[in-house]
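Student: Got a structure for you, protein05.cif, holding mmCIF, C-alpha atoms and all ligand atoms.
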```
data_target
loop_
_atom_site.label_atom_id
_atom_site.label_comp_id
_atom_site.auth_asym_id
_atom_site.auth_seq_id
_atom_site.Cartn_x
_atom_site.Cartn_y
_atom_site.Cartn_z
CA MET A 50 -2.91 -32.73 1.76
CA LYS A 51 -2.64 -29.38 3.53
CA GLY A 52 -2.06 -26.18 1.58
CA ILE A 53 -2.51 -27.48 -1.98
CA GLN A 54 -6.14 -26.51 -2.70
CA GLY A 55 -6.52 -23.38 -4.84
CA LYS A 56 -2.76 -23.06 -5.47
CA THR A 57 -1.05 -23.25 -8.87
CA ALA A 58 1.27 -26.14 -9.73
CA LEU A 59 3.49 -26.49 -12.80
CA VAL A 60 4.62 -29.97 -13.87
CA THR A 61 7.24 -30.45 -16.60
CA GLY A 62 7.25 -33.78 -18.39
CA GLY A 63 3.58 -33.83 -17.38
CA ALA A 64 2.32 -35.75 -20.41
CA SER A 65 3.57 -39.17 -19.33
CA GLY A 66 4.62 -41.44 -16.49
CA ILE A 67 5.59 -39.78 -13.21
CA GLY A 68 4.76 -36.22 -14.35
CA ARG A 69 1.31 -37.28 -15.55
CA ALA A 70 0.63 -38.94 -12.17
CA THR A 71 1.74 -35.80 -10.30
CA ALA A 72 -0.41 -33.56 -12.51
CA LEU A 73 -3.45 -35.78 -11.88
CA ARG A 74 -2.75 -35.81 -8.14
CA PHE A 75 -2.38 -32.01 -7.95
CA GLY A 76 -5.71 -31.82 -9.81
CA GLU A 77 -7.36 -34.19 -7.32
CA GLU A 78 -6.03 -32.06 -4.44
CA GLY A 79 -7.71 -28.96 -5.93
CA ALA A 80 -4.72 -27.13 -7.43
CA ASN A 81 -4.73 -25.32 -10.78
CA VAL A 82 -2.42 -27.49 -12.85
CA VAL A 83 -0.13 -26.45 -15.69
CA VAL A 84 0.85 -29.57 -17.62
CA SER A 85 3.95 -28.91 -19.71
CA ASP A 86 5.76 -31.20 -22.11
CA VAL A 87 7.11 -31.46 -25.65
CA GLN A 88 4.32 -33.96 -26.45
CA VAL A 89 1.22 -31.91 -27.28
CA ASP A 90 -1.48 -34.57 -27.75
CA ALA A 91 -0.52 -36.57 -24.67
CA GLY A 92 -0.28 -33.35 -22.63
CA ASN A 93 -3.74 -32.23 -23.70
CA GLN A 94 -5.03 -35.70 -22.84
CA VAL A 95 -3.79 -35.26 -19.24
CA VAL A 96 -5.55 -31.87 -19.08
CA SER A 97 -8.80 -33.54 -20.24
CA GLU A 98 -8.41 -36.22 -17.55
CA ILE A 99 -8.01 -33.55 -14.86
CA GLU A 100 -10.99 -31.56 -16.19
CA ASN A 101 -13.17 -34.69 -16.45
CA ASP A 102 -12.39 -35.29 -12.80
CA GLY A 103 -13.68 -31.78 -11.95
CA GLY A 104 -10.24 -30.16 -11.78
CA GLU A 105 -8.66 -27.13 -13.46
CA ALA A 106 -5.72 -27.47 -15.88
CA VAL A 107 -4.05 -26.11 -19.02
CA PHE A 108 -1.38 -27.50 -21.32
CA ILE A 109 1.62 -25.36 -22.30
CA GLN A 110 4.15 -26.84 -24.70
CA ALA A 111 7.79 -26.22 -23.75
CA ASP A 112 11.17 -27.88 -24.18
CA VAL A 113 12.95 -27.56 -20.83
CA SER A 114 16.36 -27.47 -22.49
CA LYS A 115 15.51 -24.19 -24.29
CA GLU A 116 15.75 -21.07 -22.15
CA SER A 117 13.21 -19.10 -24.23
CA ASP A 118 10.67 -21.95 -23.89
CA VAL A 119 11.09 -22.13 -20.11
CA ALA A 120 10.80 -18.34 -19.72
CA ARG A 121 7.60 -18.36 -21.81
CA LEU A 122 6.22 -21.35 -19.89
CA VAL A 123 6.59 -19.64 -16.53
CA ASP A 124 5.21 -16.33 -17.90
CA GLU A 125 2.18 -18.05 -19.41
CA THR A 126 1.58 -19.92 -16.15
CA VAL A 127 1.50 -16.66 -14.22
CA ASN A 128 -0.67 -14.98 -16.87
CA THR A 129 -3.14 -17.87 -16.75
CA TYR A 130 -3.50 -18.37 -13.01
CA GLY A 131 -2.12 -15.15 -11.51
CA GLY A 132 0.98 -16.70 -9.96
CA LEU A 133 2.99 -19.84 -9.30
CA ASP A 134 3.13 -21.76 -6.01
CA PHE A 135 4.59 -25.19 -6.79
CA ALA A 136 6.78 -26.68 -9.48
CA HIS A 137 7.65 -30.29 -10.21
CA ASN A 138 10.68 -30.14 -12.49
CA ASN A 139 10.47 -33.63 -13.84
CA ALA A 140 11.03 -33.76 -17.62
CA GLY A 141 13.72 -36.25 -18.52
CA ILE A 142 15.05 -38.75 -21.01
CA GLU A 143 17.00 -41.98 -20.62
CA GLY A 144 19.60 -41.39 -23.38
CA GLU A 145 21.43 -43.88 -25.57
CA VAL A 146 23.19 -46.76 -23.81
CA GLY A 147 26.96 -46.86 -24.26
CA SER A 148 30.28 -46.80 -22.47
CA ILE A 149 32.10 -43.51 -21.89
CA ALA A 150 34.77 -44.47 -24.40
CA GLU A 151 32.13 -45.07 -27.09
CA MET A 152 29.61 -42.35 -26.30
CA ASP A 153 29.20 -39.42 -28.70
CA LEU A 154 29.52 -36.03 -27.04
CA GLU A 155 26.18 -35.13 -28.63
CA ASP A 156 24.38 -37.99 -26.80
CA PHE A 157 26.05 -37.09 -23.51
CA GLN A 158 25.21 -33.40 -23.93
CA ARG A 159 21.57 -34.05 -24.86
CA VAL A 160 20.91 -35.91 -21.60
CA ILE A 161 22.68 -33.22 -19.58
CA ASP A 162 20.75 -30.47 -21.44
CA ILE A 163 17.34 -31.96 -20.65
CA ASN A 164 17.84 -33.76 -17.33
CA LEU A 165 20.17 -31.26 -15.61
CA THR A 166 20.22 -27.91 -17.43
CA GLY A 167 16.42 -28.21 -17.78
CA VAL A 168 16.10 -28.27 -13.99
CA PHE A 169 18.45 -25.28 -13.66
CA LEU A 170 16.49 -23.28 -16.26
CA SER A 171 13.17 -24.20 -14.68
CA MET A 172 14.27 -23.03 -11.22
CA LYS A 173 15.88 -19.89 -12.70
CA TYR A 174 12.49 -18.71 -13.96
CA GLU A 175 10.31 -20.23 -11.24
CA ILE A 176 12.10 -18.84 -8.18
CA PRO A 177 11.41 -15.14 -8.95
CA ARG A 178 7.71 -15.99 -9.39
CA LEU A 179 7.62 -17.88 -6.10
CA LEU A 180 9.27 -14.86 -4.46
CA ASP A 181 6.51 -12.64 -5.96
CA ARG A 182 4.02 -14.94 -4.24
CA GLY A 183 5.84 -14.77 -0.86
CA GLY A 184 6.83 -18.44 -0.93
CA GLY A 185 6.24 -21.85 -2.45
CA ALA A 186 7.85 -25.19 -3.09
CA ILE A 187 9.87 -26.90 -5.82
CA VAL A 188 10.44 -30.62 -6.24
CA ASN A 189 13.01 -31.78 -8.77
CA THR A 190 12.95 -35.33 -10.10
CA ALA A 191 16.37 -36.88 -9.54
CA SER A 192 16.67 -40.67 -9.20
CA VAL A 193 18.39 -43.34 -7.17
CA ALA A 194 20.81 -42.98 -10.11
CA GLY A 195 21.86 -39.78 -8.33
CA MET A 196 23.28 -41.82 -5.43
CA THR A 197 25.03 -44.62 -7.28
CA GLY A 198 26.93 -45.35 -10.48
CA ALA A 199 26.27 -47.76 -13.32
CA PRO A 200 28.05 -48.71 -16.51
CA ASN A 201 26.86 -47.46 -19.90
CA LEU A 202 24.52 -44.70 -18.69
CA SER A 203 27.10 -42.20 -17.44
CA HIS A 204 25.22 -39.18 -18.84
CA TYR A 205 22.03 -40.13 -16.99
CA TYR A 206 23.79 -40.89 -13.70
CA ALA A 207 25.89 -37.72 -13.88
CA ALA A 208 22.79 -35.61 -14.61
CA LYS A 209 20.88 -37.09 -11.67
CA HIS A 210 23.82 -36.52 -9.28
CA GLY A 211 23.76 -32.94 -10.59
CA VAL A 212 20.05 -32.54 -9.91
CA ILE A 213 20.65 -33.41 -6.25
CA GLY A 214 23.49 -30.84 -6.04
CA LEU A 215 21.34 -28.18 -7.71
CA THR A 216 18.48 -28.96 -5.34
CA ARG A 217 20.61 -28.65 -2.22
CA SER A 218 22.19 -25.41 -3.46
CA ALA A 219 18.86 -23.85 -4.45
CA ALA A 220 17.33 -24.84 -1.11
CA LEU A 221 20.05 -22.89 0.72
CA GLU A 222 19.72 -19.86 -1.58
CA VAL A 223 16.00 -19.45 -0.79
CA ALA A 224 15.77 -20.97 2.68
CA THR A 225 14.83 -17.66 4.31
CA ASP A 226 12.35 -16.74 1.55
CA ASN A 227 9.67 -19.27 2.52
CA ILE A 228 10.57 -21.37 -0.51
CA ARG A 229 11.44 -25.03 -0.02
CA VAL A 230 13.36 -27.01 -2.65
CA ASN A 231 13.53 -30.79 -2.49
CA ALA A 232 14.25 -33.70 -4.80
CA VAL A 233 12.45 -36.97 -5.24
CA LEU A 234 14.61 -40.02 -6.04
CA PRO A 235 12.45 -42.74 -7.61
CA GLY A 236 13.60 -46.33 -7.83
CA VAL A 237 12.41 -48.28 -10.88
CA ILE A 238 8.91 -47.09 -11.71
CA GLU A 239 6.53 -48.58 -14.29
CA THR A 240 6.47 -45.80 -16.88
CA PRO A 241 6.93 -45.57 -20.66
CA MET A 242 10.61 -44.71 -20.00
CA VAL A 243 11.22 -48.07 -18.32
CA GLU A 244 9.11 -49.85 -20.97
CA ARG A 245 11.34 -48.34 -23.69
CA PHE A 246 14.46 -49.24 -21.75
CA THR A 247 13.49 -52.89 -21.35
CA ALA A 248 11.52 -53.23 -24.62
CA GLY A 249 11.28 -56.88 -25.58
CA ASN A 250 14.05 -57.80 -23.14
CA GLU A 251 12.62 -60.09 -20.49
CA GLU A 252 16.08 -60.57 -18.95
CA ALA A 253 16.45 -56.81 -18.39
CA LYS A 254 12.99 -56.66 -16.81
CA ALA A 255 13.79 -59.60 -14.51
CA ALA A 256 17.08 -57.94 -13.51
CA LEU A 257 15.27 -54.73 -12.52
CA LEU A 258 12.77 -56.68 -10.47
CA LYS A 259 15.53 -58.65 -8.73
CA ASP A 260 16.98 -55.36 -7.41
CA GLU A 261 13.66 -54.32 -5.84
CA PRO A 262 13.56 -55.74 -2.29
CA ILE A 263 9.84 -54.98 -2.07
CA GLY A 264 9.26 -57.50 -4.86
CA ARG A 265 7.68 -55.26 -7.50
CA LEU A 266 8.37 -52.11 -9.48
CA GLY A 267 6.97 -48.79 -8.25
CA LYS A 268 3.92 -47.03 -9.64
CA PRO A 269 3.95 -43.41 -10.86
CA GLU A 270 1.26 -42.59 -8.30
CA GLU A 271 3.67 -43.58 -5.51
CA ILE A 272 6.09 -40.88 -6.68
CA ALA A 273 3.26 -38.36 -7.13
CA SER A 274 2.30 -38.84 -3.45
CA ALA A 275 5.83 -37.92 -2.38
CA VAL A 276 5.95 -34.87 -4.67
CA VAL A 277 2.64 -33.47 -3.50
CA TYR A 278 3.58 -34.18 0.14
CA LEU A 279 6.86 -32.25 -0.33
CA CYS A 280 4.88 -29.30 -1.72
CA SER A 281 2.27 -29.43 1.05
CA ASP A 282 2.26 -27.67 4.41
CA ASP A 283 2.80 -31.11 5.98
CA ALA A 284 6.42 -30.83 4.78
CA SER A 285 6.89 -27.28 6.07
CA PHE A 286 10.27 -28.08 7.74
CA VAL A 287 11.62 -30.22 4.88
CA THR A 288 14.04 -28.56 2.46
CA GLY A 289 17.18 -29.53 0.55
CA HIS A 290 16.15 -33.15 0.99
CA PRO A 291 16.73 -35.92 -1.56
CA MET A 292 13.73 -38.15 -0.78
CA VAL A 293 14.26 -41.74 -1.87
CA VAL A 294 11.06 -43.55 -2.94
CA ASP A 295 12.37 -46.87 -4.21
CA GLY A 296 10.96 -49.89 -2.41
CA GLY A 297 14.37 -50.40 -0.78
CA TYR A 298 16.36 -50.45 -4.08
CA VAL A 299 19.09 -48.33 -2.51
CA VAL A 300 19.27 -48.83 1.21
CA PRO A 301 21.70 -46.09 2.31
P1 LIG B 1 8.39 -40.77 -19.32
O1 LIG B 1 9.17 -40.96 -20.56
O2 LIG B 1 7.13 -41.53 -19.13
O3 LIG B 1 8.06 -39.22 -19.11
C1 LIG B 1 9.01 -38.22 -19.38
C2 LIG B 1 8.30 -37.04 -19.98
O4 LIG B 1 9.26 -36.00 -20.18
C3 LIG B 1 7.69 -37.37 -21.36
O5 LIG B 1 6.34 -36.96 -21.41
C4 LIG B 1 8.55 -36.58 -22.33
O6 LIG B 1 7.86 -36.13 -23.48
C5 LIG B 1 9.00 -35.41 -21.45
N1 LIG B 1 10.18 -34.75 -21.99
C6 LIG B 1 11.29 -35.33 -22.53
N2 LIG B 1 12.15 -34.39 -22.96
C7 LIG B 1 11.57 -33.19 -22.69
C8 LIG B 1 11.97 -31.85 -22.88
N3 LIG B 1 13.14 -31.55 -23.47
N4 LIG B 1 11.15 -30.87 -22.45
C9 LIG B 1 9.97 -31.16 -21.88
N5 LIG B 1 9.52 -32.41 -21.68
C10 LIG B 1 10.32 -33.42 -22.07
O7 LIG B 1 9.40 -41.09 -18.15
P2 LIG B 1 9.22 -41.13 -16.56
O8 LIG B 1 9.74 -42.44 -16.12
O9 LIG B 1 7.90 -40.67 -16.12
O10 LIG B 1 10.33 -40.05 -16.17
C11 LIG B 1 10.05 -38.83 -15.51
C12 LIG B 1 11.26 -38.43 -14.72
O11 LIG B 1 11.51 -39.42 -13.72
C13 LIG B 1 12.55 -38.32 -15.53
O12 LIG B 1 13.29 -37.21 -15.08
C14 LIG B 1 13.27 -39.62 -15.20
O13 LIG B 1 14.66 -39.48 -15.37
C15 LIG B 1 12.87 -39.79 -13.76
N6 LIG B 1 12.99 -41.13 -13.22
C16 LIG B 1 12.29 -42.17 -13.74
C17 LIG B 1 12.44 -43.42 -13.17
C18 LIG B 1 11.68 -44.63 -13.68
O14 LIG B 1 11.99 -45.74 -13.26
N7 LIG B 1 10.68 -44.47 -14.52
C19 LIG B 1 13.31 -43.62 -12.09
C20 LIG B 1 14.00 -42.53 -11.59
C21 LIG B 1 13.84 -41.28 -12.16
#
```
Represent the supplied structure as structure tokens.
Ligand code: NAD
Tutor:
Amino acid sequence: MKGIQGKTALVTGGASGIGRATALRFGEEGANVVVSDVQVDAGNQVVSEIENDGGEAVFIQADVSKESDVARLVDETVNTYGGLDFAHNNAGIEGEVGSIAEMDLEDFQRVIDINLTGVFLSMKYEIPRLLDRGGGAIVNTASVAGMTGAPNLSHYYAAKHGVIGLTRSAALEVATDNIRVNAVLPGVIETPMVERFTAGNEEAKAALLKDEPIGRLGKPEEIASAVVYLCSDDASFVTGHPMVVDGGYVVP
């Protein structure tokens, strides 16, 4: 894709699933890749995969819900590669299942801290570095859960609605600075998150599949394609956009 080669891309939640696929794809496209996650071994494994494929990457451990971690992550990225051009703010958790009446505030807050505040903190420290560079692109991972509601996962759905609002607001704040900010809204994608969610529950798996008009779940690589496209020069007039990649799961 145009305009990716030789640039620097930061991927949070890069050790697994969608983030891993995006990190690998940025590596294939010739970017310097910063893989960040709370999981050290799995993150280093992704770096090795990129390097074995002839690419350039480093792992930096950071918890996106901690401001000092995010500040250090962005600083270390710039110190390592001289600047930052693209960010995929993707780290997320599914949270405990439960109705609003039964949910502990702690569980609710934890999902908001990682899935929503983590995106805010990431952009807070990334945007000044993109400005230093004269431009760049950010893609935040929201979800089709940001367009709908569902029982027993209110924290997750609320956080993903919030990510879309943050994305649209950020896009307008930096629209004249040559920085584009978009969101990707995956449908149900075959990742460890979905495996955990449906663990040992064939009925739950069948229900997810039934909601996918295309007849299968998505692959992490299919989200990575959208993320790298949104960062590329091919998407130069696309900003503030919540891009649904869901096999028709939510037909607006
Ligand atoms: P995953 O569990 O495979 O990957 C998530 C990664 O985020 C893990 O490596 C995990 O260690 C990391 N992470 C968790 N908390 C973190 C923190 N505090 N700081 C830094 N890293 C942290 O799951 P996935 O399915 O690849 O999910 C990636 C993103 O995609 C999430 O934001 C998720 O909500 C979103 N999403 C997933 C699906 C799906 O069907 N898989 C659908 C829509 C949206």
Student: What does the distance from atom C14 of ligand LIG 1 (chain B) to CA of Glu145 in chain A come to in Å, to one decimal?
Tutor: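 Interatomic distance, atom C14 of ligand LIG 1 (chain B) to CA of Glu145 in chain A: 13.9 Å.
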Student: Can you pull out every residue with an atom within 6 Å of ligand LIG 1 (chain B)? Use all atoms listed in the file and format it as a ChimeraX atom specification.
Tutor: /A:61-68,86-88,111-114,139-142,163,190-192,235-243
Student: Would you mind telling me which residue in A:Val294, A:Cys280, A:Met152, A:Val89 lies nearest to Lys51 in chain A when using only C-alpha atoms?
Tutor: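 Counting only C-alpha atoms, the residue closest to Lys51 in chain A is A:Cys280.
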Student: Restricting the calculation to only C-alpha atoms: of A:Ala256, A:Leu179, A:Val168, A:Val82, which residue gets closest to Ile109 in chain A?
Tutor: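 Closest to Ile109 in chain A, using only C-alpha atoms: A:Val82.
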Student: Dump as an NGL selection string all residues having an atom at most 8 Å from (18.6, -41.8, -22.0), computed in the file's coordinates with all atoms listed in the file.
Tutor: :A and (142-146 or 160 or 202 or 204-205)
Student: Between A:Asn231, A:Thr247, A:Ser218, A:Asn101, which is the closest to Val277 in chain A once you count only C-alpha atoms?
Tutor: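 Ranking A:Asn231, A:Thr247, A:Ser218, A:Asn101 by distance to Val277 in chain A, first place goes to A:Asn231.
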Student: Can you tell me how far CA of Glu155 in chain A sits from CA of Val119 in chain A, in Å to one decimal?
Tutor: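 Computed distance, CA of Glu155 in chain A to CA of Val119 in chain A, equals 21.7 Å.
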Student: May I ask for the distance between CA of Asn250 in chain A and CA of Gly198 in chain A, given in Å to one decimal place?
Tutor: 21.9 Å
Student: Restricting the calculation to all atoms listed in the file: of A:Ala207, A:Ile53, A:Ala91, A:Ala219, which residue gets closest to Arg74 in chain A?
Tutor: A:Ile53
Student: Determine, counting all atoms listed in the file, which protein, DNA and RNA residues have an atom within 12 Å of an atom of Ile263 in chain A; residues of the same chain fewer than 5 positions away are not included. Present the result as a list in words.
Tutor: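 Skipping anything fewer than 5 positions along the chain leaves Gly236, Val237, Leu257, Leu258, Val294, Asp295, Gly296, Gly297, Tyr298, Val299 and Val300 of chain A.
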Student: Would you pick out the contacts of Val276 in chain A at 9 Å or less, using all atoms listed in the file, so that residues sharing its chain but fewer than 3 positions from it are not included, and give the list as a PDB file with C-alpha atoms, in the frame of the given file?
Tutor:
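This went into out.pdb:
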```pdb
ATOM      1  CA  THR A  71       1.740 -35.800 -10.300  1.00  0.00           C
ATOM      2  CA  HIS A 137       7.650 -30.290 -10.210  1.00  0.00           C
ATOM      3  CA  ILE A 187       9.870 -26.900  -5.820  1.00  0.00           C
ATOM      4  CA  VAL A 188      10.440 -30.620  -6.240  1.00  0.00           C
ATOM      5  CA  ASN A 189      13.010 -31.780  -8.770  1.00  0.00           C
ATOM      6  CA  THR A 190      12.950 -35.330 -10.100  1.00  0.00           C
ATOM      7  CA  ASN A 231      13.530 -30.790  -2.490  1.00  0.00           C
ATOM      8  CA  ALA A 232      14.250 -33.700  -4.800  1.00  0.00           C
ATOM      9  CA  VAL A 233      12.450 -36.970  -5.240  1.00  0.00           C
ATOM     10  CA  ILE A 272       6.090 -40.880  -6.680  1.00  0.00           C
ATOM     11  CA  ALA A 273       3.260 -38.360  -7.130  1.00  0.00           C
ATOM     12  CA  LEU A 279       6.860 -32.250  -0.330  1.00  0.00           C
ATOM     13  CA  CYS A 280       4.880 -29.300  -1.720  1.00  0.00           C
ATOM     14  CA  SER A 281       2.270 -29.430   1.050  1.00  0.00           C
TER      15      SER A 281
END
```
Student: List as number ranges by chain: which residues have an atom within 10 Å of (8.5, -22.5, -2.4), counting all atoms listed in the file?
Tutor: A: 133-136, 175-176, 178-180, 182-188, 220, 223-224, 226-231, 280-281, 285, 288
Student: Measuring between all atoms listed in the file, which one of A:Gly264, A:Gly55, A:Gly214, A:Pro291 shows the shortest distance to Gly131 in chain A?
Tutor: A:Gly55
Student: Pick out the closest residue to Asn128 in chain A from this set: A:Gly147, A:Asn164, A:Arg217, A:Val83. Count all atoms listed in the file.
Tutor: A:Val83
Student: Extract, using only C-alpha atoms, all DNA, RNA and protein residues at most 8 Å from Tyr206 in chain A, discarding same-chain residues fewer than 3 positions from it, and format them as a ChimeraX atom specification.
Tutor: /A:194-195,197-199,202-203,209-210
Student: Show me, as a PDB file with C-alpha atoms, in the coordinates of the input, the residues that have an atom within 7 Å of Glu105 in chain A when counting all atoms listed in the file, minus same-chain residues fewer than 3 positions from it.
Tutor:
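Saved result, selection_32.pdb, follows:
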```
ATOM      1  CA  GLY A  76      -5.710 -31.820  -9.810  1.00  0.00           C
ATOM      2  CA  ASN A  81      -4.730 -25.320 -10.780  1.00  0.00           C
ATOM      3  CA  VAL A  82      -2.420 -27.490 -12.850  1.00  0.00           C
ATOM      4  CA  ILE A  99      -8.010 -33.550 -14.860  1.00  0.00           C
ATOM      5  CA  GLU A 100     -10.990 -31.560 -16.190  1.00  0.00           C
TER       6      GLU A 100
END
```
